[in-house]
file input-v5.csv (CSV, C-alpha atoms)
chain,number,residue,atom,x,y,z
A,7,MET,CA,37.7,12.6,-2.8
A,8,GLY,CA,38.4,14.4,-6.1
A,9,VAL,CA,37.2,18.0,-6.0
A,10,GLU,CA,36.8,20.6,-8.7
A,11,ILE,CA,36.7,24.3,-7.8
A,12,GLU,CA,36.1,26.3,-10.9
A,13,ARG,CA,35.1,29.8,-11.9
A,14,LYS,CA,33.7,30.6,-15.3
A,15,PHE,CA,33.5,33.8,-17.3
A,16,LEU,CA,32.2,35.1,-20.6
A,17,LEU,CA,34.8,36.9,-22.7
A,18,CYS,CA,34.8,40.6,-23.8
A,19,GLY,CA,37.4,40.8,-26.6
A,20,ASP,CA,40.0,38.7,-28.4
A,21,GLY,CA,43.0,39.9,-26.3
A,22,TRP,CA,43.4,36.3,-25.0
A,23,ARG,CA,44.1,34.9,-28.5
A,24,GLN,CA,47.7,36.4,-28.6
A,25,GLN,CA,48.3,34.9,-25.2
A,26,ALA,CA,47.1,31.4,-26.0
A,27,ARG,CA,49.9,28.8,-25.9
A,28,SER,CA,48.1,25.8,-27.4
A,29,ARG,CA,44.8,24.8,-29.0
A,30,GLN,CA,43.1,21.4,-29.0
A,31,ARG,CA,39.9,20.1,-30.5
A,32,LEU,CA,37.6,18.4,-27.9
A,33,CYS,CA,34.6,16.3,-28.5
A,34,GLN,CA,32.5,15.3,-25.5
A,35,GLY,CA,29.3,13.7,-24.7
A,36,TYR,CA,27.2,12.8,-21.7
A,37,LEU,CA,26.1,9.2,-20.8
A,38,CYS,CA,24.2,10.6,-17.8
A,39,SER,CA,23.3,14.2,-17.1
A,40,SER,CA,21.3,15.4,-14.1
A,41,VAL,CA,21.6,17.9,-11.2
A,42,GLU,CA,22.9,15.1,-9.0
A,43,ARG,CA,25.6,13.7,-11.4
A,44,THR,CA,27.1,13.8,-14.8
A,45,VAL,CA,29.1,11.1,-16.5
A,46,ARG,CA,31.1,12.6,-19.4
A,47,VAL,CA,33.2,11.0,-22.2
A,48,ARG,CA,35.8,13.4,-23.7
A,49,LEU,CA,38.0,12.7,-26.7
A,50,ALA,CA,41.0,15.0,-27.6
A,51,GLY,CA,43.0,13.5,-30.4
A,52,GLU,CA,44.5,10.3,-29.2
A,53,GLN,CA,43.7,11.0,-25.5
A,54,ALA,CA,40.3,10.3,-23.8
A,55,TRP,CA,38.8,10.4,-20.4
A,56,LEU,CA,35.7,9.3,-18.5
A,57,THR,CA,34.7,11.9,-15.9
A,58,ILE,CA,32.1,11.6,-13.2
A,59,LYS,CA,31.0,14.8,-11.4
A,60,GLY,CA,28.7,15.2,-8.5
A,61,PRO,CA,26.3,18.1,-7.7
A,62,THR,CA,27.6,21.6,-7.6
A,63,GLN,CA,27.8,23.2,-4.2
A,64,GLY,CA,28.8,26.8,-4.5
A,65,LEU,CA,32.0,26.6,-6.7
A,66,ARG,CA,32.8,23.1,-5.6
A,67,ARG,CA,31.8,19.7,-6.8
A,68,ALA,CA,33.1,16.1,-6.6
A,69,GLU,CA,35.1,15.1,-9.7
A,70,TYR,CA,36.7,11.8,-10.7
A,71,GLU,CA,38.5,11.5,-14.0
A,72,TYR,CA,40.0,8.4,-15.6
A,73,ALA,CA,42.0,8.0,-18.8
A,74,ILE,CA,40.5,5.5,-21.2
A,75,PRO,CA,41.5,4.3,-24.7
A,76,ALA,CA,40.6,6.8,-27.5
A,77,ALA,CA,39.0,4.0,-29.5
A,78,GLU,CA,36.7,3.1,-26.6
A,79,ALA,CA,35.8,6.8,-26.1
A,80,ALA,CA,34.8,7.1,-29.7
A,81,GLU,CA,32.5,4.1,-29.2
A,82,LEU,CA,31.1,5.5,-26.0
A,83,LEU,CA,30.4,8.9,-27.7
A,84,GLN,CA,28.0,6.9,-30.0
A,85,LEU,CA,26.0,6.1,-26.8
A,86,CYS,CA,25.9,9.7,-25.5
A,87,GLN,CA,23.0,12.1,-25.6
A,88,GLN,CA,23.1,14.1,-28.8
A,89,PRO,CA,24.2,16.6,-29.9
A,90,LEU,CA,27.8,16.2,-28.7
A,91,ILE,CA,29.7,19.2,-27.4
A,92,ASP,CA,32.4,20.2,-30.0
A,93,LYS,CA,34.9,22.9,-29.2
A,94,TRP,CA,38.4,24.3,-29.5
A,95,ARG,CA,40.2,24.6,-26.1
A,96,TYR,CA,42.9,27.2,-25.8
A,97,LEU,CA,45.4,27.3,-22.9
A,98,VAL,CA,46.5,30.7,-21.5
A,99,TRP,CA,49.0,31.0,-18.7
A,100,LEU,CA,49.0,34.2,-16.6
A,101,GLN,CA,51.3,34.5,-13.6
A,102,ASP,CA,51.4,30.7,-13.1
A,103,GLN,CA,47.6,30.3,-13.4
A,104,LEU,CA,46.1,28.4,-16.2
A,105,TRP,CA,43.0,29.7,-18.0
A,106,GLU,CA,41.1,27.4,-20.3
A,107,ILE,CA,39.3,29.2,-23.1
A,108,ASP,CA,36.6,27.2,-24.9
A,109,GLU,CA,35.4,28.3,-28.3
A,110,PHE,CA,32.3,26.3,-29.0
A,111,LEU,CA,31.4,24.9,-32.4
A,112,GLY,CA,28.2,23.3,-33.9
A,113,ALA,CA,25.0,24.0,-32.0
A,114,ASN,CA,26.9,26.2,-29.5
A,115,SER,CA,28.8,28.2,-32.1
A,116,GLY,CA,29.4,31.8,-31.0
A,117,LEU,CA,29.9,31.0,-27.3
A,118,LEU,CA,33.3,31.7,-25.7
A,119,LEU,CA,33.9,30.8,-22.1
A,120,ALA,CA,37.0,31.2,-19.9
A,121,GLU,CA,37.5,28.8,-16.9
A,122,ILE,CA,40.0,28.7,-14.1
A,123,GLU,CA,40.4,25.9,-11.6
A,124,LEU,CA,41.4,27.0,-8.2
A,125,PRO,CA,42.8,25.2,-5.1
A,126,HIS,CA,40.1,26.7,-2.8
A,127,GLU,CA,37.0,28.8,-3.3
A,128,ASP,CA,38.6,32.0,-1.9
A,129,ALA,CA,41.8,31.7,-4.0
A,130,VAL,CA,43.1,34.9,-5.5
A,131,PHE,CA,43.6,34.9,-9.3
A,132,VAL,CA,44.7,37.4,-11.9
A,133,ARG,CA,41.7,38.9,-13.7
A,134,PRO,CA,42.8,39.6,-17.3
A,135,ASP,CA,41.1,42.5,-19.2
A,136,TRP,CA,39.5,40.1,-21.7
A,137,LEU,CA,37.3,38.6,-19.0
A,138,GLY,CA,33.6,39.6,-19.1
A,139,PRO,CA,30.9,38.8,-16.6
A,140,GLU,CA,31.2,35.8,-14.3
A,141,VAL,CA,28.8,33.0,-15.0
A,142,SER,CA,30.0,30.4,-12.5
A,143,ALA,CA,26.5,30.3,-10.8
A,144,ALA,CA,24.5,30.2,-14.1
A,145,ALA,CA,23.9,26.5,-14.7
A,146,ARG,CA,23.0,27.0,-18.4
A,147,TYR,CA,26.7,27.7,-19.1
A,148,SER,CA,27.7,24.2,-18.0
A,149,ASN,CA,28.6,21.9,-20.9
A,150,ALA,CA,26.0,19.4,-19.7
A,151,CYS,CA,23.3,22.1,-20.0
A,152,LEU,CA,24.7,23.3,-23.3
A,153,GLN,CA,24.3,19.8,-24.6
A,154,GLN,CA,20.6,19.8,-23.7
A,155,HIS,CA,19.8,23.5,-24.5
A,156,PRO,CA,22.4,24.7,-27.0
A,157,TYR,CA,23.5,28.3,-27.3
A,158,SER,CA,21.9,28.5,-30.8
A,159,ALA,CA,18.5,27.9,-29.2
A,160,TRP,CA,18.8,30.6,-26.5
A,161,SER,CA,16.4,33.5,-26.7
A,162,ALA,CA,17.7,37.1,-26.9
A,163,ALA,CA,16.8,37.6,-23.2
A,164,GLU,CA,18.9,34.6,-22.2
A,165,ARG,CA,21.9,35.9,-24.2
A,166,ALA,CA,21.4,39.5,-22.8
A,167,ASN,CA,21.2,38.3,-19.1
A,168,PRO,CA,24.2,36.1,-18.5
A,169,GLN,CA,23.9,35.7,-14.8
A,170,ASP,CA,20.3,34.6,-14.8
call {"tool": "encode", "arguments": {"input": "input-v5.csv", "output": "structure tokens"}}
result
Amino acid sequence: MGVEIERKFLLCGDGWRQQARSRQRLCQGYLCSSVERTVRVRLAGEQAWLTIKGPTQGLRRAEYEYAIPAAEAAELLQLCQQPLIDKWRYLVWLQDQLWEIDEFLGANSGLLLAEIELPHEDAVFVRPDWLGPEVSAAARYSNACLQQHPYSAWSAAERANPQD
């Protein structure tokens, strides 16, 4: 079974920008989005994927990802719930560990998230000084939730209390 173990953090500064090795524009949408499962279509230039994820249990969830033709992904995005998630993804390598920094656009503009995928839930990782509060357990920071309740619609209280 495919498994994703991921930790997610807000950012507290732009120090990561000098360490970013690449940047790619991602557009993604959800054909199905619920607590039990999500079915995502992601398009990144000429590459595309269909991803199925199961329910989150702690930091772990089932994940299956398949490459699909970019033209088909563009068609599938038309069937997805709106608005689509639009973001820049930056890759930052620190001591052989990959951080993915997402800078959201559109309805989620202003939100920056850092993610690291780990081999197991207790894995040790380098915690760079540009990491802010951890939001791994806060469901509203998942891309599927951001599609349904964009960052631009969040109240001041939601923005001020990231772990809630």
call {"tool": "closest_residue", "arguments": {"input": "input-v5.csv", "among": "A:Glu121, A:Trp136, A:Tyr96, A:Pro156", "to": "A:Cys18", "atoms": "all atoms listed in the file"}}
result
A:Trp136
call {"tool": "closest_atom_pairs", "arguments": {"input": "input-v5.csv", "of": "stretch 9-39 of chain A", "to": "stretch 140-150 of chain A", "cutoff": "10 Å", "atoms": "only C-alpha atoms", "output": "Markdown table"}}
result
| residue | atom | partner | partner_atom | distance |
| --- | --- | --- | --- | --- |
| A:Glu12 | CA | A:Ser142 | CA | 7.5 |
| A:Arg13 | CA | A:Ser142 | CA | 5.2 |
| A:Lys14 | CA | A:Ser142 | CA | 4.6 |
| A:Phe15 | CA | A:Glu140 | CA | 4.3 |
| A:Leu16 | CA | A:Glu140 | CA | 6.4 |
| A:Leu17 | CA | A:Glu140 | CA | 9.2 |
| A:Gln34 | CA | A:Asn149 | CA | 8.9 |
| A:Gly35 | CA | A:Ala150 | CA | 8.3 |
| A:Tyr36 | CA | A:Ala150 | CA | 7.0 |
| A:Cys38 | CA | A:Ala150 | CA | 9.2 |
| A:Ser39 | CA | A:Ala150 | CA | 6.4 |
call {"tool": "closest_residue", "arguments": {"input": "input-v5.csv", "among": "A:Pro89, A:Gly51, A:Gly116, A:Pro125", "to": "A:Glu10", "atoms": "only C-alpha atoms"}}
result
A:Pro125
call {"tool": "residues_around", "arguments": {"input": "input-v5.csv", "residues": "A:Ala80", "least_positions_apart": "4", "cutoff": "8 Å", "atoms": "all atoms listed in the file", "output": "PyMOL selection string"}}
result
chain A and resi 49+76+84
call {"tool": "closest_residue", "arguments": {"input": "input-v5.csv", "among": "A:Leu97, A:Ala113, A:Cys33, A:Thr62", "to": "A:Ala79", "atoms": "all atoms listed in the file"}}
result
A:Cys33
call {"tool": "closest_residue", "arguments": {"input": "input-v5.csv", "among": "A:Ala68, A:Val41, A:Leu104, A:Leu90", "to": "A:Ser28", "atoms": "all atoms listed in the file"}}
result
A:Leu104
call {"tool": "closest_residue", "arguments": {"input": "input-v5.csv", "among": "A:His126, A:Gly138, A:Ser40, A:His155", "to": "A:Gln169", "atoms": "all atoms listed in the file"}}
result
A:Gly138
call {"tool": "closest_residue", "arguments": {"input": "input-v5.csv", "among": "A:Leu37, A:Val45, A:Leu124, A:Val98", "to": "A:Gln25", "atoms": "only C-alpha atoms"}}
result
A:Val98
call {"tool": "residues_around", "arguments": {"input": "input-v5.csv", "residues": "A:Pro134", "least_positions_apart": "6", "cutoff": "10 Å", "atoms": "all atoms listed in the file", "output": "PyMOL selection string"}}
result
chain A and resi 21-22+100+105
call {"tool": "atom_distance", "arguments": {"input": "input-v5.csv", "atom1": "atom CA of A:Arg43", "atom2": "atom CA of A:Val130"}}
result
28.1 Å
call {"tool": "atom_distance", "arguments": {"input": "input-v5.csv", "atom1": "atom CA of A:Glu81", "atom2": "atom CA of A:Leu119"}}
result
27.7 Å
call {"tool": "atom_distance", "arguments": {"input": "input-v5.csv", "atom1": "atom CA of A:Lys93", "atom2": "atom CA of A:Ala162"}}
result
22.4 Å
call {"tool": "residues_around", "arguments": {"input": "input-v5.csv", "residues": "A:Glu69", "least_positions_apart": "5", "cutoff": "6 Å", "atoms": "all atoms listed in the file", "output": "PyMOL selection string"}}
result
chain A and resi 8-10+58-59
call {"tool": "build_atoms", "arguments": {"input": "input-v5.csv", "residues": "stretch 131-157 of chain A", "atoms": "N, CA and C atoms", "output": "short mmCIF file (atom, residue, chain, number, x, y, z; two decimals), in the coordinates of the input"}}
result
data_model
loop_
_atom_site.label_atom_id
_atom_site.label_comp_id
_atom_site.auth_asym_id
_atom_site.auth_seq_id
_atom_site.Cartn_x
_atom_site.Cartn_y
_atom_site.Cartn_z
N PHE A 131 43.14 35.20 -7.93
CA PHE A 131 43.60 34.90 -9.30
C PHE A 131 43.72 36.23 -10.06
N VAL A 132 44.57 36.23 -11.07
CA VAL A 132 44.70 37.40 -11.90
C VAL A 132 43.49 37.48 -12.82
N ARG A 133 42.90 38.66 -12.87
CA ARG A 133 41.70 38.90 -13.70
C ARG A 133 42.12 39.66 -14.95
N PRO A 134 42.34 38.95 -16.06
CA PRO A 134 42.80 39.60 -17.30
C PRO A 134 41.68 40.55 -17.84
N ASP A 135 42.09 41.54 -18.63
CA ASP A 135 41.10 42.50 -19.20
C ASP A 135 40.17 41.95 -20.19
N TRP A 136 40.43 40.75 -20.67
CA TRP A 136 39.50 40.10 -21.70
C TRP A 136 38.40 39.33 -20.99
N LEU A 137 38.38 39.31 -19.66
CA LEU A 137 37.30 38.60 -19.00
C LEU A 137 36.05 39.51 -18.93
N GLY A 138 34.91 38.90 -19.22
CA GLY A 138 33.60 39.60 -19.10
C GLY A 138 32.93 39.16 -17.84
N PRO A 139 31.61 39.13 -17.85
CA PRO A 139 30.90 38.80 -16.60
C PRO A 139 31.10 37.35 -16.18
N GLU A 140 31.11 37.16 -14.86
CA GLU A 140 31.20 35.80 -14.30
C GLU A 140 29.90 35.10 -14.42
N VAL A 141 29.97 33.83 -14.84
CA VAL A 141 28.80 33.00 -15.00
C VAL A 141 28.88 31.69 -14.26
N SER A 142 29.73 31.66 -13.24
CA SER A 142 30.00 30.40 -12.50
C SER A 142 28.65 29.87 -11.90
N ALA A 143 27.77 30.75 -11.45
CA ALA A 143 26.50 30.30 -10.80
C ALA A 143 25.39 30.09 -11.78
N ALA A 144 25.58 30.40 -13.05
CA ALA A 144 24.50 30.20 -14.10
C ALA A 144 24.66 28.85 -14.69
N ALA A 145 23.80 27.93 -14.27
CA ALA A 145 23.90 26.50 -14.70
C ALA A 145 23.86 26.35 -16.19
N ARG A 146 23.18 27.23 -16.91
CA ARG A 146 23.00 27.00 -18.40
C ARG A 146 24.36 27.08 -19.12
N TYR A 147 25.42 27.60 -18.47
CA TYR A 147 26.70 27.70 -19.10
C TYR A 147 27.55 26.38 -18.88
N SER A 148 27.02 25.44 -18.13
CA SER A 148 27.70 24.20 -18.00
C SER A 148 27.63 23.41 -19.30
N ASN A 149 28.65 22.65 -19.60
CA ASN A 149 28.60 21.90 -20.90
C ASN A 149 27.48 20.91 -20.90
N ALA A 150 27.14 20.32 -19.75
CA ALA A 150 26.00 19.40 -19.70
C ALA A 150 24.71 20.09 -20.09
N CYS A 151 24.51 21.31 -19.61
CA CYS A 151 23.30 22.10 -20.00
C CYS A 151 23.36 22.52 -21.43
N LEU A 152 24.55 22.90 -21.90
CA LEU A 152 24.70 23.30 -23.30
C LEU A 152 24.38 22.16 -24.25
N GLN A 153 24.62 20.94 -23.81
CA GLN A 153 24.30 19.80 -24.60
C GLN A 153 22.77 19.67 -24.76
N GLN A 154 22.04 19.93 -23.69
CA GLN A 154 20.60 19.80 -23.70
C GLN A 154 19.88 21.02 -24.24
N HIS A 155 20.45 22.19 -24.03
CA HIS A 155 19.80 23.50 -24.50
C HIS A 155 20.95 24.31 -25.11
N PRO A 156 21.29 24.01 -26.39
CA PRO A 156 22.40 24.70 -27.00
C PRO A 156 22.27 26.18 -27.14
N TYR A 157 23.40 26.84 -27.16
CA TYR A 157 23.50 28.30 -27.30
C TYR A 157 22.67 28.82 -28.46
#
